[in-house]
$ cat run.txt   # compact mmCIF, C-alpha atoms
# COMPACT_ATOMS: atom_id res chain seq x y z
CA MET H 10 0.49 72.11 14.83
CA LEU H 11 -1.91 70.43 17.28
CA GLU H 12 -4.56 69.78 14.65
CA ALA H 13 -1.90 67.96 12.58
CA ARG H 14 -1.35 65.77 15.63
CA GLY H 15 -5.01 64.84 15.80
CA THR H 16 -6.76 67.31 18.12
CA PRO H 17 -9.35 69.78 16.76
CA THR H 18 -8.46 73.41 17.48
CA VAL H 19 -10.07 76.81 17.35
CA ALA H 20 -7.98 79.96 17.56
CA ILE H 21 -8.97 83.39 18.79
CA GLY H 22 -6.95 86.11 17.08
CA LEU H 23 -6.60 89.85 17.60
CA VAL H 24 -4.85 90.79 14.34
CA ARG H 25 -6.87 89.75 11.33
CA PRO H 26 -4.06 89.99 8.74
CA GLN H 27 -2.01 87.57 10.83
CA MET H 28 -4.92 85.12 10.90
CA GLU H 29 -5.38 85.43 7.13
CA ARG H 30 -1.74 84.54 6.60
CA THR H 31 -1.51 81.82 9.24
CA ARG H 32 -4.78 80.15 8.13
CA PRO H 33 -5.75 78.23 11.26
CA PRO H 34 -8.28 75.42 10.76
CA ARG H 35 -10.86 77.49 12.65
CA GLY H 36 -10.37 81.08 13.77
CA LEU H 37 -12.39 83.84 15.40
CA TRP H 38 -11.08 87.36 14.97
CA THR H 39 -11.99 89.51 17.95
CA PRO H 40 -11.70 93.25 17.29
CA PHE H 41 -10.48 94.10 20.77
CA GLN H 42 -7.45 95.72 22.27
CA LEU H 43 -4.20 93.81 22.03
CA GLY H 44 -3.93 92.06 25.38
CA ARG H 45 -7.69 91.46 25.68
CA PRO H 46 -8.65 88.52 23.48
CA LEU H 47 -11.86 87.92 25.46
CA GLY H 48 -12.66 91.62 25.25
CA ALA H 49 -13.74 92.86 28.63
CA PRO H 50 -12.33 92.25 32.10
CA ALA H 51 -14.85 91.47 34.84
CA ASP H 52 -17.65 91.03 32.31
CA PRO H 53 -18.47 87.32 32.42
CA GLU H 54 -21.44 87.61 30.08
CA PHE H 55 -19.44 89.29 27.33
CA GLN H 56 -16.55 86.84 27.78
CA ARG H 57 -19.01 83.98 27.57
CA ARG H 58 -20.39 85.31 24.27
CA VAL H 59 -16.89 85.46 22.80
CA LEU H 60 -16.03 82.01 24.09
CA MET H 61 -19.26 80.47 22.78
CA ARG H 62 -18.73 82.05 19.38
CA ALA H 63 -15.24 80.55 19.21
CA LEU H 64 -16.21 77.11 20.49
CA GLY H 65 -19.17 77.03 18.12
CA LEU H 66 -16.72 76.88 15.22
CA LEU H 67 -15.74 73.41 16.43
CA GLU H 68 -19.14 72.17 15.32
CA ARG H 69 -18.68 73.42 11.75
CA HIS H 70 -17.62 70.94 9.11
CA ASP H 71 -16.94 73.27 6.18
CA GLY H 72 -13.25 73.85 6.80
CA PRO H 73 -10.43 74.29 6.49
CA VAL H 74 -10.15 77.26 6.70
CA ILE H 75 -12.97 78.81 8.76
CA LEU H 76 -12.38 82.45 9.73
CA GLU H 77 -15.14 84.43 11.38
CA ASP H 78 -15.30 87.94 12.82
CA PHE H 79 -16.80 88.66 16.23
CA PRO H 80 -19.36 91.36 15.48
CA ASP H 81 -19.31 93.58 18.55
CA ASP H 82 -16.99 95.88 20.43
CA PRO H 83 -16.73 95.15 24.14
CA PRO H 84 -18.63 97.45 26.48
CA ASN H 85 -16.60 100.30 27.89
CA TRP H 86 -13.77 99.53 25.52
CA SER H 87 -12.38 103.02 25.89
CA ASP H 88 -11.65 102.62 29.60
CA THR H 89 -7.94 102.90 28.98
CA PRO H 90 -7.78 106.01 26.77
CA GLY H 91 -4.53 106.54 25.01
CA TRP H 92 -3.63 102.86 24.85
CA PRO H 93 -1.76 101.25 23.16
CA ALA H 94 1.56 102.76 23.98
CA THR H 95 4.02 103.60 21.28
CA ILE H 96 6.44 100.77 20.63
CA ILE H 97 9.89 100.42 19.23
CA ALA H 98 9.77 100.47 15.43
CA GLY H 99 10.15 97.03 13.89
CA ASP H 100 9.22 95.14 17.03
CA ARG H 101 7.75 91.80 15.97
CA ASN H 102 6.96 90.37 19.34
CA THR H 103 3.21 90.84 19.40
CA ARG H 104 1.57 87.59 18.49
CA MET L 15 -10.02 98.17 19.53
CA ALA L 16 -7.53 96.08 17.62
CA ARG L 17 -8.86 97.09 14.24
CA LEU L 18 -5.75 98.12 12.43
CA ASP L 19 -7.07 101.59 11.67
CA ASP L 20 -7.41 102.23 15.39
CA ILE L 21 -3.84 101.29 16.26
CA PRO L 22 -1.33 104.14 16.07
CA GLN L 23 1.91 103.83 14.22
CA PRO L 24 4.39 102.23 14.43
CA THR L 25 2.44 99.51 16.25
CA ARG L 26 0.03 99.19 13.32
CA ASP L 27 2.72 98.25 10.81
CA ALA L 28 4.51 96.07 13.34
CA VAL L 29 1.50 93.84 13.94
CA ALA L 30 0.18 93.95 10.39
CA ASN L 31 3.51 92.95 8.89
CA ALA L 32 4.66 90.52 11.56
CA VAL L 33 6.29 87.43 10.13
CA CYS L 34 3.76 84.58 10.24
CA PRO L 35 4.34 80.88 9.75
CA SER L 36 2.99 79.08 6.73
CA PHE L 37 2.14 75.41 6.69
CA GLU L 38 2.34 72.90 3.88
CA THR L 39 -0.75 71.02 4.98
CA ALA L 40 -4.20 72.13 6.14
CA PRO L 41 -5.39 69.54 8.66
CA PHE L 42 -9.00 69.65 9.80
CA VAL L 43 -10.12 67.16 12.44
CA SER L 44 -13.79 66.69 13.24
CA GLY L 45 -15.18 65.69 16.60
CA PRO L 46 -18.33 65.18 18.64
CA THR L 47 -20.77 67.89 19.66
CA LEU L 48 -19.60 70.51 22.15
CA ALA L 49 -21.64 68.85 24.88
CA GLU L 50 -19.48 65.79 24.46
CA ARG L 51 -16.10 67.49 24.26
CA ARG L 52 -13.44 67.94 26.91
CA ILE L 53 -11.63 71.18 26.17
CA ALA L 54 -8.17 72.52 26.98
CA ILE L 55 -6.77 76.02 26.61
CA VAL L 56 -3.40 76.84 25.06
CA SER L 57 -2.44 80.44 25.84
CA SER L 58 0.44 82.20 24.11
CA ALA L 59 0.66 84.76 26.94
CA ALA L 60 3.62 83.01 28.59
CA LEU L 61 1.62 82.63 31.78
CA ILE L 62 3.54 81.84 34.94
CA ARG L 63 2.65 81.23 38.53
CA ARG L 64 3.75 83.95 40.89
CA ASN L 65 6.97 82.29 42.03
CA ASP L 66 7.91 80.75 38.69
CA THR L 67 10.80 81.84 36.51
CA PRO L 68 9.51 84.02 33.65
CA PHE L 69 9.68 82.76 30.09
CA LEU L 70 12.76 84.06 28.30
CA PHE L 71 12.76 85.79 24.94
CA GLY L 72 12.77 83.12 22.25
CA SER L 73 11.77 80.35 24.62
CA ALA L 74 10.33 77.31 22.82
CA GLU L 75 9.13 75.64 26.00
CA VAL L 76 5.61 74.82 27.07
CA ARG L 77 4.45 74.97 30.65
CA PHE L 78 1.51 73.03 32.00
CA LEU L 79 -1.16 74.82 34.03
CA PRO L 80 -3.40 72.74 36.27
CA ALA L 81 -7.03 73.75 35.83
CA ASP L 82 -7.28 74.38 39.56
CA ALA L 83 -4.25 76.70 39.75
CA PRO L 84 -5.24 79.74 41.86
CA LEU L 85 -6.04 82.47 39.39
CA THR L 86 -4.65 85.19 41.64
CA ASP L 87 -1.24 83.50 41.27
CA LEU L 88 -1.15 83.77 37.48
CA LEU L 89 0.97 86.43 35.81
CA ILE L 90 1.91 87.17 32.22
CA SER L 91 5.60 87.00 31.29
CA HIS L 92 5.24 87.61 27.54
CA VAL L 93 8.14 89.85 26.48
CA SER L 94 6.19 92.21 24.22
CA ILE L 95 5.40 95.68 25.48
CA ASN L 96 2.80 96.19 22.76
CA PHE L 97 -0.35 95.04 24.52
CA ASP L 98 -2.61 96.21 27.27
CA ARG L 99 -1.98 94.62 30.65
CA SER L 100 -4.69 96.36 32.64
CA GLY L 101 -7.36 93.90 31.46
CA TYR L 102 -5.74 90.72 32.72
CA GLN L 103 -4.62 92.44 35.90
CA ARG L 104 -8.29 93.03 36.68
CA ASP L 105 -9.46 89.64 35.46
CA ILE L 106 -7.26 86.85 34.14
CA ASN L 107 -10.24 85.51 32.17
CA THR L 108 -9.65 88.39 29.76
CA VAL L 109 -6.70 86.33 28.49
CA TYR L 110 -7.19 82.87 29.97
CA PRO L 111 -10.94 82.16 30.16
CA ILE L 112 -10.74 79.19 32.48
CA GLU L 113 -13.61 80.28 34.74
CA ARG L 114 -15.90 80.80 31.75
CA LEU L 115 -14.99 77.36 30.43
CA LEU L 116 -15.69 75.75 33.81
CA GLU L 117 -19.08 77.47 33.86
CA LEU L 118 -19.93 76.10 30.42
CA ALA L 119 -19.00 72.63 31.62
CA ALA L 120 -21.10 72.98 34.78
CA GLN L 121 -24.06 73.92 32.58
CA GLY L 122 -23.48 70.97 30.26
CA ILE L 123 -22.78 73.19 27.26
CA VAL L 124 -19.35 71.63 26.88
CA GLY L 125 -18.63 68.11 27.99
CA GLY L 126 -15.79 68.92 30.33
CA VAL L 127 -12.65 70.88 31.06
CA ALA L 128 -9.22 69.33 30.84
CA ALA L 129 -7.24 68.88 34.02
CA THR L 130 -4.23 70.47 32.33
CA HIS L 131 -3.90 73.62 30.24
CA TYR L 132 -0.86 74.99 28.46
CA THR L 133 1.06 78.17 27.88
CA VAL L 134 3.86 79.21 25.54
CA MET L 135 5.71 82.38 24.55
CA GLY L 136 3.72 83.74 21.66
CA SER L 137 6.57 85.71 20.13
CA THR L 138 8.71 82.62 19.56
CA ASP L 139 9.17 81.34 16.01
CA PRO L 140 6.68 78.45 15.77
CA SER L 141 9.13 76.42 13.69
CA THR L 142 11.16 75.93 16.88
CA MET L 143 8.18 74.60 18.81
CA GLU L 144 7.63 71.14 17.37
CA GLY L 145 8.89 69.66 20.63
CA ALA L 146 6.41 71.72 22.63
CA ALA L 147 3.62 70.64 20.29
CA ASP L 148 4.59 67.01 20.86
CA GLN L 149 4.49 67.52 24.62
CA ILE L 150 1.09 69.19 24.49
CA SER L 151 -0.32 66.60 22.11
CA GLY L 152 0.90 63.74 24.29
CA GLN L 153 -0.79 65.17 27.37
CA LEU L 154 -3.99 65.95 25.43
CA GLN L 155 -4.23 62.36 24.31
CA GLN L 156 -3.48 61.06 27.77
CA GLU L 157 -6.33 63.15 29.17
CA ARG L 158 -8.62 62.32 26.23
CA VAL L 159 -9.11 65.96 25.33
CA ASP L 160 -11.39 66.53 22.34
CA ALA L 161 -10.63 70.14 21.45
CA VAL L 162 -8.21 72.98 22.11
CA LEU L 163 -8.94 76.68 22.39
CA LEU L 164 -5.92 78.75 21.33
CA THR L 165 -5.85 82.21 22.87
CA PRO L 166 -3.41 85.05 22.08
CA VAL L 167 -2.55 88.07 24.15
$ encode --input "run.txt" --output "structure tokens"
Amino acid sequence: MLEARGTPTVAIGLVRPQMERTRPPRGLWTPFQLGRPLGAPADPEFQRRVLMRALGLLERHDGPVILEDFPDDPPNWSDTPGWPATIIAGDRNTR
Amino acid sequence: MARLDDIPQPTRDAVANAVCPSFETAPFVSGPTLAERRIAIVSSAALIRRNDTPFLFGSAEVRFLPADAPLTDLLISHVSINFDRSGYQRDINTVYPIERLLELAAQGIVGGVAATHYTVMGSTDPSTMEGAADQISGQLQQERVDAVLLTPV
């Protein structure tokens, strides 16, 4: 919606099938927990890597659509064992 | 850990089959190098400042976030209960990477950081948000912003 109004965009996404259907001009899928699009709290270096990977897509000219996968899990990703919680069936609010 | 195979049911089906918008056009706007770009963040986490009214379910509004808003005042009011909240409670940059962006600007890796950033309710049907997109776009142009980073929650 913003790209159509003239501003280049890059989207981070946590659910790859949603990105495949939405087809943003440029997208980086990050394979992290829902609620953690930058991956790791209090880990500036890891967050910076994710951010740089996303922003780097702005310098590509081979779109649309550009969809890349971030290659790594965040460190200590299992620090909240048991998450995510069970949700109400049919809930469509996660986006 | 948001690979679908790692998410237990029924969350897995809920996120995999969520209704997504489709668009008739596929715009693609080029720009200068990163070192020349001023960048803004649009977060769909329905961020609010501590004393603000939370976003309501179905809200199509956008709220503006000054880049210098105290990070300890920022809360998430997204209505979904399906995502982890412990990450942002420890470090808001997990969702809204404003400090990382400011660092990149200080190092000259990006040209600058917008004075204003934006937040919406990510669960709202995007077809109702044309007005919000107009508001954001108007402010982006006023501030001569060259690129937007869209972040989910």
$ closest_residue --input "run.txt" --among "L:Val76, L:Leu88, L:Ala83, L:Leu118" --to "chain H" --atoms "only C-alpha atoms"
L:Leu118
$ residues_near_point --input "run.txt" --point "(-3.8, 82.6, 43.5)" --cutoff "12 Å" --atoms "all atoms listed in the file" --output "ChimeraX atom specification"
/L:62-65,82-89,106
$ residues_around --input "run.txt" --residues "range 47-61 of chain L" --least-positions-apart "5" --cutoff "7 Å" --atoms "all atoms listed in the file" --output "MDAnalysis selection string"
(chainID H and resid 68) or (chainID L and resid 69 88:92 110 122:128 130:136 159:167)
$ residues_around --input "run.txt" --residues "range 76-85 of chain H" --least-positions-apart "5" --cutoff "6 Å" --atoms "only C-alpha atoms" --output "number ranges by chain"
H: 35-39, 48-49
$ closest_residue --input "run.txt" --among "H:Met28, H:Leu43, H:Leu66, H:Ala20" --to "Arg99 in chain L" --atoms "all atoms listed in the file"
H:Leu43
$ atom_distance --input "run.txt" --atom1 "CA of Val109 in chain L" --atom2 "CA of Gly44 in chain H"
7.1 Å
$ closest_atom_pairs --input "run.txt" --of "chain L" --to "chain H" --cutoff "7 Å" --atoms "all atoms listed in the file" --output "CSV"
residue,atom,partner,partner_atom,distance
L:Met15,CA,H:Phe41,CA,4.3
L:Ala16,CA,H:Gln42,CA,4.7
L:Arg17,CA,H:Pro40,CA,5.7
L:Pro24,CA,H:Ala98,CA,5.7
L:Thr25,CA,H:Ile96,CA,6.1
L:Ala28,CA,H:Gly99,CA,5.7
L:Val29,CA,H:Thr103,CA,6.5
L:Ala30,CA,H:Pro26,CA,6.0
L:Ala32,CA,H:Arg101,CA,5.5
L:Cys34,CA,H:Thr31,CA,6.0
L:Pro35,CA,H:Thr31,CA,5.9
L:Ser36,CA,H:Thr31,CA,5.8
L:Ala40,CA,H:Pro73,CA,6.6
L:Pro41,CA,H:Ala13,CA,5.5
L:Phe42,CA,H:Pro73,CA,5.9
L:Val43,CA,H:Pro17,CA,5.1
L:Ser44,CA,H:Pro17,CA,6.5
L:Thr47,CA,H:Glu68,CA,6.3
L:Ser94,CA,H:Asn102,CA,5.3
L:Asn96,CA,H:Ile96,CA,6.2
L:Phe97,CA,H:Gly44,CA,4.7
L:Asp98,CA,H:Gly44,CA,4.7
L:Arg99,CA,H:Gly44,CA,6.2
L:Gly101,CA,H:Pro50,CA,5.3
L:Tyr102,CA,H:Pro50,CA,6.8
L:Arg104,CA,H:Pro50,CA,6.2
L:Asp105,CA,H:Pro50,CA,5.1
L:Thr108,CA,H:Leu47,CA,4.9
L:Val109,CA,H:Pro46,CA,5.8
L:Arg114,CA,H:Arg57,CA,6.1
L:Gly136,CA,H:Arg104,CA,5.4
L:Ser137,CA,H:Asn102,CA,4.7
L:Ala147,CA,H:Leu11,CA,6.3
L:Ser151,CA,H:Leu11,CA,6.4
L:Asp160,CA,H:Thr16,CA,6.3
L:Ala161,CA,H:Pro17,CA,4.9
L:Val162,CA,H:Thr18,CA,4.7
L:Leu163,CA,H:Val19,CA,5.2
L:Leu164,CA,H:Ala20,CA,4.5
L:Thr165,CA,H:Ile21,CA,5.3
L:Pro166,CA,H:Gly22,CA,6.2
L:Val167,CA,H:Gly44,CA,4.4
$ atom_distance --input "run.txt" --atom1 "CA of Thr142 in chain L" --atom2 "CA of Ser73 in chain L"
8.9 Å
$ atom_distance --input "run.txt" --atom1 "CA of Thr39 in chain L" --atom2 "CA of Met143 in chain L"
16.8 Å
$ closest_residue --input "run.txt" --among "L:Leu115, L:Val93, L:Leu18, L:Gly152" --to "Asn31 in chain L" --atoms "only C-alpha atoms"
L:Leu18
